[in-house]
$ cat start.csv   # CSV, C-alpha atoms
chain,number,residue,atom,x,y,z
A,1,VAL,CA,0.0,0.0,0.0
A,2,THR,CA,2.8,2.4,0.9
A,3,ALA,CA,4.6,1.7,-2.4
A,4,HIS,CA,1.4,2.3,-4.3
A,5,ARG,CA,0.9,5.7,-2.5
A,6,ILE,CA,4.5,6.8,-3.2
A,7,GLN,CA,4.0,5.9,-6.9
A,8,HIS,CA,0.7,7.7,-7.0
A,9,SER,CA,2.3,10.8,-5.4
A,10,LEU,CA,5.2,10.8,-8.0
A,11,ILE,CA,2.7,10.5,-10.9
A,12,MET,CA,0.6,13.4,-9.5
A,13,ALA,CA,3.7,15.5,-9.0
A,14,SER,CA,4.9,15.0,-12.5
A,15,HIS,CA,1.7,16.4,-13.9
A,16,GLN,CA,1.3,19.6,-11.8
A,17,ALA,CA,1.1,22.9,-13.6
A,18,ILE,CA,4.3,24.8,-14.0
A,19,GLU,CA,4.0,28.3,-12.6
A,20,GLY,CA,4.5,31.2,-15.0
A,21,ALA,CA,3.4,34.7,-15.9
A,22,LYS,CA,-0.3,35.2,-16.4
A,23,VAL,CA,-0.7,37.4,-19.4
A,24,ASN,CA,-3.2,38.1,-22.1
A,25,LEU,CA,-1.4,40.0,-24.9
A,26,ILE,CA,1.9,38.6,-26.1
A,27,PRO,CA,4.0,40.7,-28.6
A,28,VAL,CA,5.2,38.7,-31.6
A,29,LYS,CA,8.9,39.4,-32.0
A,30,ARG,CA,10.1,36.1,-33.5
A,31,ALA,CA,8.1,33.6,-35.7
A,32,LEU,CA,9.0,30.3,-37.3
A,33,VAL,CA,7.4,29.9,-40.7
A,34,SER,CA,7.7,26.5,-42.4
A,35,VAL,CA,4.8,25.3,-44.5
A,36,PHE,CA,4.1,22.7,-47.2
A,37,ASP,CA,0.9,24.4,-48.5
A,38,LYS,CA,2.3,27.9,-49.4
A,39,THR,CA,-1.1,29.4,-50.2
A,40,GLY,CA,-1.1,33.0,-48.8
A,41,VAL,CA,2.1,32.5,-46.8
A,42,VAL,CA,3.9,35.4,-48.6
A,43,GLU,CA,1.2,37.8,-47.8
A,44,PHE,CA,1.1,36.7,-44.2
A,45,ALA,CA,4.8,36.8,-43.8
A,46,LYS,CA,4.8,40.4,-45.2
A,47,THR,CA,2.4,41.3,-42.4
A,48,LEU,CA,5.0,39.9,-39.9
A,49,ALA,CA,7.8,41.7,-41.6
A,50,GLU,CA,6.0,45.0,-41.6
A,51,HIS,CA,5.9,44.7,-37.8
A,52,LYS,CA,9.7,43.9,-37.8
A,53,VAL,CA,9.1,40.3,-36.6
A,54,GLU,CA,12.2,38.1,-37.0
A,55,ILE,CA,11.2,35.3,-39.3
A,56,LEU,CA,12.9,31.9,-39.1
A,57,SER,CA,12.3,29.5,-41.9
A,58,THR,CA,13.4,26.3,-43.8
A,59,GLY,CA,13.8,25.0,-47.3
A,60,GLY,CA,11.2,25.8,-49.9
A,61,THR,CA,9.3,28.2,-47.6
A,62,ALA,CA,12.5,30.3,-47.0
A,63,LYS,CA,13.2,30.3,-50.7
A,64,LYS,CA,9.7,31.6,-51.5
A,65,LEU,CA,9.8,34.3,-48.9
A,66,LYS,CA,13.3,35.5,-50.0
A,67,GLU,CA,12.1,35.6,-53.6
A,68,ALA,CA,9.3,37.9,-52.4
A,69,GLY,CA,11.9,40.2,-50.8
A,70,ILE,CA,11.2,39.2,-47.2
A,71,THR,CA,14.2,38.9,-44.8
A,72,VAL,CA,14.5,35.4,-43.4
A,73,THR,CA,16.9,33.7,-41.0
A,74,MET,CA,17.5,30.1,-41.9
A,75,VAL,CA,16.7,27.7,-39.1
A,76,LYS,CA,20.1,26.0,-39.6
A,77,ASP,CA,21.8,29.3,-39.0
A,78,TYR,CA,19.7,30.1,-36.0
A,79,THR,CA,20.3,26.7,-34.3
A,80,GLY,CA,23.8,26.2,-35.5
A,81,ALA,CA,22.8,22.7,-36.7
A,82,PRO,CA,22.6,21.8,-40.4
A,83,GLU,CA,19.5,20.2,-42.1
A,84,ILE,CA,20.4,16.5,-42.3
A,85,LEU,CA,19.1,13.2,-43.6
A,86,ASN,CA,17.5,14.5,-46.8
A,87,GLY,CA,15.6,17.1,-44.7
A,88,ARG,CA,14.2,14.7,-42.2
A,89,VAL,CA,15.8,16.6,-39.4
A,90,LYS,CA,15.5,20.4,-39.7
A,91,THR,CA,13.7,21.8,-36.7
A,92,LEU,CA,14.1,19.0,-34.1
A,93,ASN,CA,16.5,21.1,-32.0
A,94,PRO,CA,16.4,22.5,-28.4
A,95,HIS,CA,16.9,26.0,-29.8
A,96,ILE,CA,13.5,25.6,-31.5
A,97,HIS,CA,11.5,23.5,-29.0
A,98,GLY,CA,13.1,25.2,-26.0
A,99,GLY,CA,12.0,28.5,-27.4
A,100,LEU,CA,8.5,27.2,-28.0
A,101,LEU,CA,8.0,25.3,-24.7
A,102,ALA,CA,9.5,27.7,-22.1
A,103,VAL,CA,7.0,28.9,-19.6
A,104,ARG,CA,7.5,32.7,-19.4
A,105,GLY,CA,8.0,34.2,-16.0
A,106,ASN,CA,9.2,30.9,-14.6
A,107,LYS,CA,12.6,31.5,-13.0
A,108,LEU,CA,14.0,28.0,-13.7
A,109,HIS,CA,13.0,28.1,-17.4
A,110,GLU,CA,14.4,31.6,-17.9
A,111,GLU,CA,17.7,30.6,-16.3
A,112,GLU,CA,18.0,27.5,-18.5
A,113,LEU,CA,17.2,29.5,-21.6
A,114,ALA,CA,19.9,32.0,-20.7
A,115,ARG,CA,22.4,29.3,-19.9
A,116,GLU,CA,21.8,27.5,-23.3
A,117,LYS,CA,21.5,30.8,-25.2
A,118,ILE,CA,18.0,29.9,-26.4
A,119,GLY,CA,15.6,32.7,-27.6
A,120,LEU,CA,11.9,32.7,-27.3
A,121,ILE,CA,9.7,32.0,-30.3
A,122,ASP,CA,6.3,33.7,-30.2
A,123,MET,CA,4.5,32.2,-33.2
A,124,VAL,CA,4.7,29.1,-35.4
A,125,VAL,CA,3.2,29.1,-38.9
A,126,CYS,CA,3.2,25.5,-40.0
A,127,ASN,CA,1.2,23.0,-42.1
A,128,LEU,CA,2.0,19.4,-42.9
A,129,TYR,CA,3.2,17.1,-45.7
A,130,PRO,CA,0.1,15.9,-47.6
A,131,PHE,CA,0.1,12.3,-46.3
A,132,GLU,CA,-3.5,11.6,-47.1
A,133,LYS,CA,-3.2,12.9,-50.7
A,134,THR,CA,-0.1,10.8,-51.2
A,135,VAL,CA,-2.1,7.7,-50.2
A,136,GLU,CA,-5.0,8.6,-52.3
A,137,LYS,CA,-2.7,8.8,-55.4
A,138,GLY,CA,-1.9,5.1,-54.8
A,139,ALA,CA,1.8,5.7,-53.9
A,140,GLU,CA,3.8,2.8,-52.7
A,141,TRP,CA,4.8,2.2,-49.1
A,142,ASN,CA,8.2,4.0,-49.0
A,143,THR,CA,6.7,7.1,-50.7
A,144,CYS,CA,3.8,7.2,-48.2
A,145,ILE,CA,6.2,6.8,-45.3
A,146,GLU,CA,8.4,9.7,-46.6
A,147,ASN,CA,5.3,11.9,-46.5
A,148,ILE,CA,4.7,11.3,-42.8
A,149,ASP,CA,5.6,14.7,-41.3
A,150,ILE,CA,7.7,14.6,-38.1
A,151,GLY,CA,9.1,18.1,-37.6
A,152,GLY,CA,5.9,19.8,-38.4
A,153,PRO,CA,3.6,18.0,-35.9
A,154,SER,CA,6.3,18.3,-33.3
A,155,MET,CA,6.5,22.1,-33.7
A,156,ILE,CA,2.7,22.4,-33.9
A,157,ARG,CA,2.3,20.4,-30.7
A,158,SER,CA,5.0,22.3,-28.8
A,159,ALA,CA,3.5,25.7,-29.8
A,160,ALA,CA,-0.1,24.5,-29.0
A,161,LYS,CA,0.9,23.1,-25.6
A,162,ASN,CA,2.4,26.4,-24.7
A,163,CYS,CA,-0.5,28.4,-26.0
A,164,ASN,CA,-0.5,30.6,-22.9
A,165,TYR,CA,2.4,32.3,-24.6
A,166,VAL,CA,2.8,31.0,-28.2
A,167,ALA,CA,0.5,31.3,-31.2
A,168,ILE,CA,0.2,28.3,-33.6
A,169,VAL,CA,-1.1,29.1,-37.0
A,170,SER,CA,-1.7,25.7,-38.6
A,171,SER,CA,-3.8,26.5,-41.7
A,172,PRO,CA,-3.9,29.2,-44.4
A,173,SER,CA,-7.5,29.7,-43.5
A,174,GLN,CA,-6.3,31.4,-40.3
A,175,TYR,CA,-4.0,33.9,-41.8
A,176,GLU,CA,-6.7,36.6,-42.3
A,177,SER,CA,-8.0,36.5,-38.7
A,178,VAL,CA,-4.5,36.4,-37.1
A,179,ALA,CA,-3.2,39.2,-39.4
A,180,LYS,CA,-6.2,41.3,-38.3
A,181,GLN,CA,-5.3,40.9,-34.6
A,182,LEU,CA,-1.7,41.7,-35.3
A,183,LYS,CA,-2.6,44.8,-37.3
A,184,ASP,CA,-2.2,47.5,-34.5
A,185,ASN,CA,0.4,46.3,-32.0
A,186,CYS,CA,1.5,42.9,-33.4
A,187,GLN,CA,0.2,41.1,-30.4
A,188,THR,CA,-1.8,37.9,-29.9
A,189,SER,CA,-4.5,37.5,-27.3
A,190,LEU,CA,-4.8,34.5,-24.9
A,191,ASP,CA,-8.3,33.7,-26.3
A,192,MET,CA,-7.0,33.5,-29.9
A,193,ARG,CA,-4.0,31.5,-28.9
A,194,LYS,CA,-6.1,28.9,-27.1
A,195,LYS,CA,-8.5,28.6,-30.1
A,196,LEU,CA,-5.6,28.2,-32.4
A,197,ALA,CA,-4.2,25.5,-30.2
A,198,ARG,CA,-7.5,23.7,-30.2
A,199,ASP,CA,-7.5,23.7,-34.0
A,200,ALA,CA,-3.9,22.6,-34.1
A,201,PHE,CA,-4.5,19.6,-31.9
A,202,THR,CA,-7.5,18.7,-33.9
A,203,GLN,CA,-5.4,18.8,-37.0
A,204,THR,CA,-2.6,16.6,-35.6
A,205,ALA,CA,-5.1,14.1,-34.3
A,206,LYS,CA,-6.7,13.7,-37.7
A,207,TYR,CA,-3.2,13.5,-39.3
A,208,ASP,CA,-2.1,10.7,-36.9
A,209,ALA,CA,-5.5,8.9,-37.4
A,210,ALA,CA,-4.9,8.9,-41.2
A,211,ILE,CA,-1.5,7.4,-40.8
A,212,SER,CA,-2.9,4.7,-38.4
A,213,ALA,CA,-5.7,3.9,-40.8
A,214,TYR,CA,-3.3,3.6,-43.7
A,215,MET,CA,-1.1,1.2,-41.8
A,216,GLN,CA,-4.0,-0.8,-40.5
A,217,LYS,CA,-5.2,-1.3,-44.1
A,218,VAL,CA,-1.9,-2.2,-45.8
A,219,LEU,CA,-0.7,-4.4,-43.0
A,220,GLU,CA,-3.9,-6.5,-42.6
$ encode --input "start.csv" --output "structure tokens"
Amino acid sequence: VTAHRIQHSLIMASHQAIEGAKVNLIPVKRALVSVFDKTGVVEFAKTLAEHKVEILSTGGTAKKLKEAGITVTMVKDYTGAPEILNGRVKTLNPHIHGGLLAVRGNKLHEEELAREKIGLIDMVVCNLYPFEKTVEKGAEWNTCIENIDIGGPSMIRSAAKNCNYVAIVSSPSQYESVAKQLKDNCQTSLDMRKKLARDAFTQTAKYDAAISAYMQKVLE
């Protein structure tokens, strides 16, 4: 019984809320923009650039933004780690996820960020590889597997989990409403961040369900 109580206490302790600053409006100073569907991303990035937001980006997204005259910092330059394994590893780095998951106003988190020289990221703009469309086209196993996004869902989930401070823009359909809120002071409200997080988790859940359904079918 005693051992069970100790185990229960440890489990409960591991899930306690982490104390941090209670804020509504968060200024967007740094955003990570990395999308597969590039519909409207240039226009949205221009909105960020007009407010002097530092834009981090990768691969094809960075190329498209640069071609539109938007200043971009490559993620590999920001993290000091190259893109490797044919692009399978780009954003899976403490300088990205630490900047997304840090609880603001928490002394321990702030000390760790300072020690590791990790900056905060206030917004993620990300959508995913088209896994379902790849399957629908009748692609073979290895092609379907290569279209399982790893870095994208990881960033989306990190930003969504920390929606008290970070905004996750996971669909081009959200650009207009988010840009409207950024218009005056380039800030996001807590209410919007929570709703964006809800939509993001719904999206990643559907994405994982599609992968699971595909594997269930082909491995019957």
$ residues_around --input "start.csv" --residues "segment 107-117 of chain A" --least-positions-apart "3" --cutoff "9 Å" --atoms "all atoms listed in the file" --output "PyMOL selection string"
chain A and resi 20+94-95+98-99+102-104+120
$ closest_residue --input "start.csv" --among "A:Ala210, A:Val125, A:Val28, A:Leu101" --to "Thr61 of chain A" --atoms "all atoms listed in the file"
A:Val125
$ residues_near_point --input "start.csv" --point "(6.8, 31.5, -29.7)" --cutoff "6 Å" --atoms "all atoms listed in the file" --output "list in words"
Leu100, Leu120, Ile121, Asp122, Met123 and Val166 of chain A
$ write_last_selection --input "start.csv" --atoms "C-alpha atoms" --output "compact mmCIF listing (two decimals), keeping the file's coordinate frame"
# COMPACT_ATOMS: atom_id res chain seq x y z
CA LEU A 100 8.50 27.20 -28.00
CA LEU A 120 11.90 32.70 -27.30
CA ILE A 121 9.70 32.00 -30.30
CA ASP A 122 6.30 33.70 -30.20
CA MET A 123 4.50 32.20 -33.20
CA VAL A 166 2.80 31.00 -28.20
$ closest_residue --input "start.csv" --among "A:Leu48, A:Val72, A:Cys163, A:Leu32" --to "Lys180 of chain A" --atoms "all atoms listed in the file"
A:Leu48
$ atom_distance --input "start.csv" --atom1 "atom CA of Val178 of chain A" --atom2 "atom CA of Arg88 of chain A"
29.1 Å
$ closest_residue --input "start.csv" --among "A:Leu92, A:Ala200, A:Met215, A:Cys126" --to "Asn162 of chain A" --atoms "all atoms listed in the file"
A:Ala200
$ residues_around --input "start.csv" --residues "segment 202-206 of chain A" --least-positions-apart "3" --cutoff "12 Å" --atoms "all atoms listed in the file" --output "PDB file with C-alpha atoms, in the frame of the given file"
ATOM      1  CA  CYS A 126       3.200  25.500 -40.000  1.00  0.00           C
ATOM      2  CA  ASN A 127       1.200  23.000 -42.100  1.00  0.00           C
ATOM      3  CA  LEU A 128       2.000  19.400 -42.900  1.00  0.00           C
ATOM      4  CA  TYR A 129       3.200  17.100 -45.700  1.00  0.00           C
ATOM      5  CA  PHE A 131       0.100  12.300 -46.300  1.00  0.00           C
ATOM      6  CA  GLU A 132      -3.500  11.600 -47.100  1.00  0.00           C
ATOM      7  CA  ILE A 148       4.700  11.300 -42.800  1.00  0.00           C
ATOM      8  CA  ASP A 149       5.600  14.700 -41.300  1.00  0.00           C
ATOM      9  CA  ILE A 150       7.700  14.600 -38.100  1.00  0.00           C
ATOM     10  CA  GLY A 151       9.100  18.100 -37.600  1.00  0.00           C
ATOM     11  CA  GLY A 152       5.900  19.800 -38.400  1.00  0.00           C
ATOM     12  CA  PRO A 153       3.600  18.000 -35.900  1.00  0.00           C
ATOM     13  CA  SER A 154       6.300  18.300 -33.300  1.00  0.00           C
ATOM     14  CA  MET A 155       6.500  22.100 -33.700  1.00  0.00           C
ATOM     15  CA  ILE A 156       2.700  22.400 -33.900  1.00  0.00           C
ATOM     16  CA  ARG A 157       2.300  20.400 -30.700  1.00  0.00           C
ATOM     17  CA  SER A 158       5.000  22.300 -28.800  1.00  0.00           C
ATOM     18  CA  ALA A 160      -0.100  24.500 -29.000  1.00  0.00           C
ATOM     19  CA  ILE A 168       0.200  28.300 -33.600  1.00  0.00           C
ATOM     20  CA  VAL A 169      -1.100  29.100 -37.000  1.00  0.00           C
ATOM     21  CA  SER A 170      -1.700  25.700 -38.600  1.00  0.00           C
ATOM     22  CA  SER A 171      -3.800  26.500 -41.700  1.00  0.00           C
ATOM     23  CA  LYS A 195      -8.500  28.600 -30.100  1.00  0.00           C
ATOM     24  CA  LEU A 196      -5.600  28.200 -32.400  1.00  0.00           C
ATOM     25  CA  ALA A 197      -4.200  25.500 -30.200  1.00  0.00           C
ATOM     26  CA  ARG A 198      -7.500  23.700 -30.200  1.00  0.00           C
ATOM     27  CA  ASP A 199      -7.500  23.700 -34.000  1.00  0.00           C
ATOM     28  CA  ALA A 209      -5.500   8.900 -37.400  1.00  0.00           C
ATOM     29  CA  ALA A 210      -4.900   8.900 -41.200  1.00  0.00           C
ATOM     30  CA  ILE A 211      -1.500   7.400 -40.800  1.00  0.00           C
ATOM     31  CA  SER A 212      -2.900   4.700 -38.400  1.00  0.00           C
ATOM     32  CA  ALA A 213      -5.700   3.900 -40.800  1.00  0.00           C
TER      33      ALA A 213
END
$ atom_distance --input "start.csv" --atom1 "atom CA of Asn106 of chain A" --atom2 "atom CA of Asp191 of chain A"
21.2 Å
$ closest_residue --input "start.csv" --among "A:Ala17, A:Lys133, A:Thr143, A:Ala167" --to "Cys186 of chain A" --atoms "only C-alpha atoms"
A:Ala167
$ closest_residue --input "start.csv" --among "A:Thr79, A:Lys22, A:Val218, A:Val33" --to "Glu140 of chain A" --atoms "only C-alpha atoms"
A:Val218
$ residues_around --input "start.csv" --residues "segment 62-68 of chain A" --least-positions-apart "2" --cutoff "10 Å" --atoms "only C-alpha atoms" --output "number ranges by chain"
A: 33-35, 38, 41-43, 45-46, 55-60, 70-75
$ atom_distance --input "start.csv" --atom1 "atom CA of Leu190 of chain A" --atom2 "atom CA of Tyr165 of chain A"
7.5 Å
$ closest_residue --input "start.csv" --among "A:Thr39, A:Pro130, A:His97, A:Ser189" --to "Gln174 of chain A" --atoms "all atoms listed in the file"
A:Thr39
$ build_atoms --input "start.csv" --residues "segment 22-33 of chain A" --atoms "all heavy atoms" --output "PDB file, in the frame of the given file"
ATOM      1  N   LYS A  22       1.028  35.216 -15.881  1.00  0.00           N
ATOM      2  CA  LYS A  22      -0.300  35.200 -16.400  1.00  0.00           C
ATOM      3  C   LYS A  22      -0.546  36.461 -17.210  1.00  0.00           C
ATOM      4  O   LYS A  22      -0.647  37.557 -16.670  1.00  0.00           O
ATOM      5  CB  LYS A  22      -1.325  35.139 -15.205  1.00  0.00           C
ATOM      6  CG  LYS A  22      -1.269  33.811 -14.453  1.00  0.00           C
ATOM      7  CD  LYS A  22      -2.210  33.795 -13.260  1.00  0.00           C
ATOM      8  CE  LYS A  22      -2.280  32.405 -12.634  1.00  0.00           C
ATOM      9  NZ  LYS A  22      -0.953  31.905 -12.203  1.00  0.00           N
ATOM     10  N   VAL A  23      -0.562  36.279 -18.524  1.00  0.00           N
ATOM     11  CA  VAL A  23      -0.700  37.400 -19.400  1.00  0.00           C
ATOM     12  C   VAL A  23      -1.694  37.155 -20.504  1.00  0.00           C
ATOM     13  O   VAL A  23      -1.966  36.004 -20.854  1.00  0.00           O
ATOM     14  CB  VAL A  23       0.716  37.722 -20.098  1.00  0.00           C
ATOM     15  CG1 VAL A  23       1.704  38.242 -19.084  1.00  0.00           C
ATOM     16  CG2 VAL A  23       1.265  36.483 -20.785  1.00  0.00           C
ATOM     17  N   ASN A  24      -2.245  38.229 -21.011  1.00  0.00           N
ATOM     18  CA  ASN A  24      -3.200  38.100 -22.100  1.00  0.00           C
ATOM     19  C   ASN A  24      -2.504  38.387 -23.438  1.00  0.00           C
ATOM     20  O   ASN A  24      -2.363  37.506 -24.270  1.00  0.00           O
ATOM     21  CB  ASN A  24      -4.368  39.102 -21.895  1.00  0.00           C
ATOM     22  CG  ASN A  24      -5.349  39.081 -23.041  1.00  0.00           C
ATOM     23  OD1 ASN A  24      -5.429  38.120 -23.791  1.00  0.00           O
ATOM     24  ND2 ASN A  24      -6.109  40.162 -23.195  1.00  0.00           N
ATOM     25  N   LEU A  25      -2.024  39.600 -23.622  1.00  0.00           N
ATOM     26  CA  LEU A  25      -1.400  40.000 -24.900  1.00  0.00           C
ATOM     27  C   LEU A  25       0.080  39.668 -24.911  1.00  0.00           C
ATOM     28  O   LEU A  25       0.810  40.052 -24.002  1.00  0.00           O
ATOM     29  CB  LEU A  25      -1.639  41.467 -25.155  1.00  0.00           C
ATOM     30  CG  LEU A  25      -3.106  41.908 -25.295  1.00  0.00           C
ATOM     31  CD1 LEU A  25      -3.194  43.418 -25.435  1.00  0.00           C
ATOM     32  CD2 LEU A  25      -3.758  41.216 -26.489  1.00  0.00           C
ATOM     33  N   ILE A  26       0.501  38.958 -25.951  1.00  0.00           N
ATOM     34  CA  ILE A  26       1.900  38.600 -26.100  1.00  0.00           C
ATOM     35  C   ILE A  26       2.409  39.253 -27.432  1.00  0.00           C
ATOM     36  O   ILE A  26       1.866  38.979 -28.511  1.00  0.00           O
ATOM     37  CB  ILE A  26       2.115  37.094 -26.222  1.00  0.00           C
ATOM     38  CG1 ILE A  26       1.772  36.412 -24.902  1.00  0.00           C
ATOM     39  CG2 ILE A  26       3.546  36.758 -26.653  1.00  0.00           C
ATOM     40  CD1 ILE A  26       2.801  36.569 -23.819  1.00  0.00           C
ATOM     41  N   PRO A  27       3.434  40.114 -27.379  1.00  0.00           N
ATOM     42  CA  PRO A  27       4.000  40.700 -28.600  1.00  0.00           C
ATOM     43  C   PRO A  27       4.685  39.585 -29.434  1.00  0.00           C
ATOM     44  O   PRO A  27       5.342  38.710 -28.868  1.00  0.00           O
ATOM     45  CB  PRO A  27       5.039  41.690 -28.088  1.00  0.00           C
ATOM     46  CG  PRO A  27       4.700  41.896 -26.639  1.00  0.00           C
ATOM     47  CD  PRO A  27       4.076  40.625 -26.162  1.00  0.00           C
ATOM     48  N   VAL A  28       4.504  39.640 -30.722  1.00  0.00           N
ATOM     49  CA  VAL A  28       5.200  38.700 -31.600  1.00  0.00           C
ATOM     50  C   VAL A  28       6.464  39.326 -32.101  1.00  0.00           C
ATOM     51  O   VAL A  28       6.435  40.258 -32.907  1.00  0.00           O
ATOM     52  CB  VAL A  28       4.276  38.272 -32.786  1.00  0.00           C
ATOM     53  CG1 VAL A  28       5.015  37.288 -33.698  1.00  0.00           C
ATOM     54  CG2 VAL A  28       2.976  37.658 -32.281  1.00  0.00           C
ATOM     55  N   LYS A  29       7.574  38.832 -31.604  1.00  0.00           N
ATOM     56  CA  LYS A  29       8.900  39.400 -32.000  1.00  0.00           C
ATOM     57  C   LYS A  29       9.659  38.390 -32.877  1.00  0.00           C
ATOM     58  O   LYS A  29      10.500  38.796 -33.666  1.00  0.00           O
ATOM     59  CB  LYS A  29       9.701  39.680 -30.727  1.00  0.00           C
ATOM     60  CG  LYS A  29       9.064  40.753 -29.845  1.00  0.00           C
ATOM     61  CD  LYS A  29       9.910  41.001 -28.604  1.00  0.00           C
ATOM     62  CE  LYS A  29       9.268  42.059 -27.713  1.00  0.00           C
ATOM     63  NZ  LYS A  29      10.077  42.286 -26.472  1.00  0.00           N
ATOM     64  N   ARG A  30       9.374  37.098 -32.703  1.00  0.00           N
ATOM     65  CA  ARG A  30      10.100  36.100 -33.500  1.00  0.00           C
ATOM     66  C   ARG A  30       9.031  35.012 -33.911  1.00  0.00           C
ATOM     67  O   ARG A  30       8.269  34.532 -33.065  1.00  0.00           O
ATOM     68  CB  ARG A  30      11.206  35.446 -32.742  1.00  0.00           C
ATOM     69  CG  ARG A  30      11.972  34.378 -33.524  1.00  0.00           C
ATOM     70  CD  ARG A  30      13.135  33.793 -32.716  1.00  0.00           C
ATOM     71  NE  ARG A  30      14.190  34.787 -32.505  1.00  0.00           N
ATOM     72  CZ  ARG A  30      14.599  35.189 -31.312  1.00  0.00           C
ATOM     73  NH1 ARG A  30      14.034  34.691 -30.211  1.00  0.00           N
ATOM     74  NH2 ARG A  30      15.556  36.090 -31.198  1.00  0.00           N
ATOM     75  N   ALA A  31       9.002  34.658 -35.198  1.00  0.00           N
ATOM     76  CA  ALA A  31       8.100  33.600 -35.700  1.00  0.00           C
ATOM     77  C   ALA A  31       8.822  32.638 -36.555  1.00  0.00           C
ATOM     78  O   ALA A  31       9.745  32.993 -37.291  1.00  0.00           O
ATOM     79  CB  ALA A  31       6.964  34.301 -36.515  1.00  0.00           C
ATOM     80  N   LEU A  32       8.420  31.376 -36.458  1.00  0.00           N
ATOM     81  CA  LEU A  32       9.000  30.300 -37.300  1.00  0.00           C
ATOM     82  C   LEU A  32       7.937  29.982 -38.362  1.00  0.00           C
ATOM     83  O   LEU A  32       6.828  29.579 -38.031  1.00  0.00           O
ATOM     84  CB  LEU A  32       9.357  29.111 -36.491  1.00  0.00           C
ATOM     85  CG  LEU A  32      10.331  28.123 -37.148  1.00  0.00           C
ATOM     86  CD1 LEU A  32      10.953  27.202 -36.101  1.00  0.00           C
ATOM     87  CD2 LEU A  32       9.671  27.291 -38.235  1.00  0.00           C
ATOM     88  N   VAL A  33       8.295  30.156 -39.627  1.00  0.00           N
ATOM     89  CA  VAL A  33       7.400  29.900 -40.700  1.00  0.00           C
ATOM     90  C   VAL A  33       7.915  28.798 -41.595  1.00  0.00           C
ATOM     91  O   VAL A  33       8.959  28.948 -42.245  1.00  0.00           O
ATOM     92  CB  VAL A  33       7.185  31.203 -41.589  1.00  0.00           C
ATOM     93  CG1 VAL A  33       6.163  30.963 -42.691  1.00  0.00           C
ATOM     94  CG2 VAL A  33       6.769  32.385 -40.704  1.00  0.00           C
TER      95      VAL A  33
END
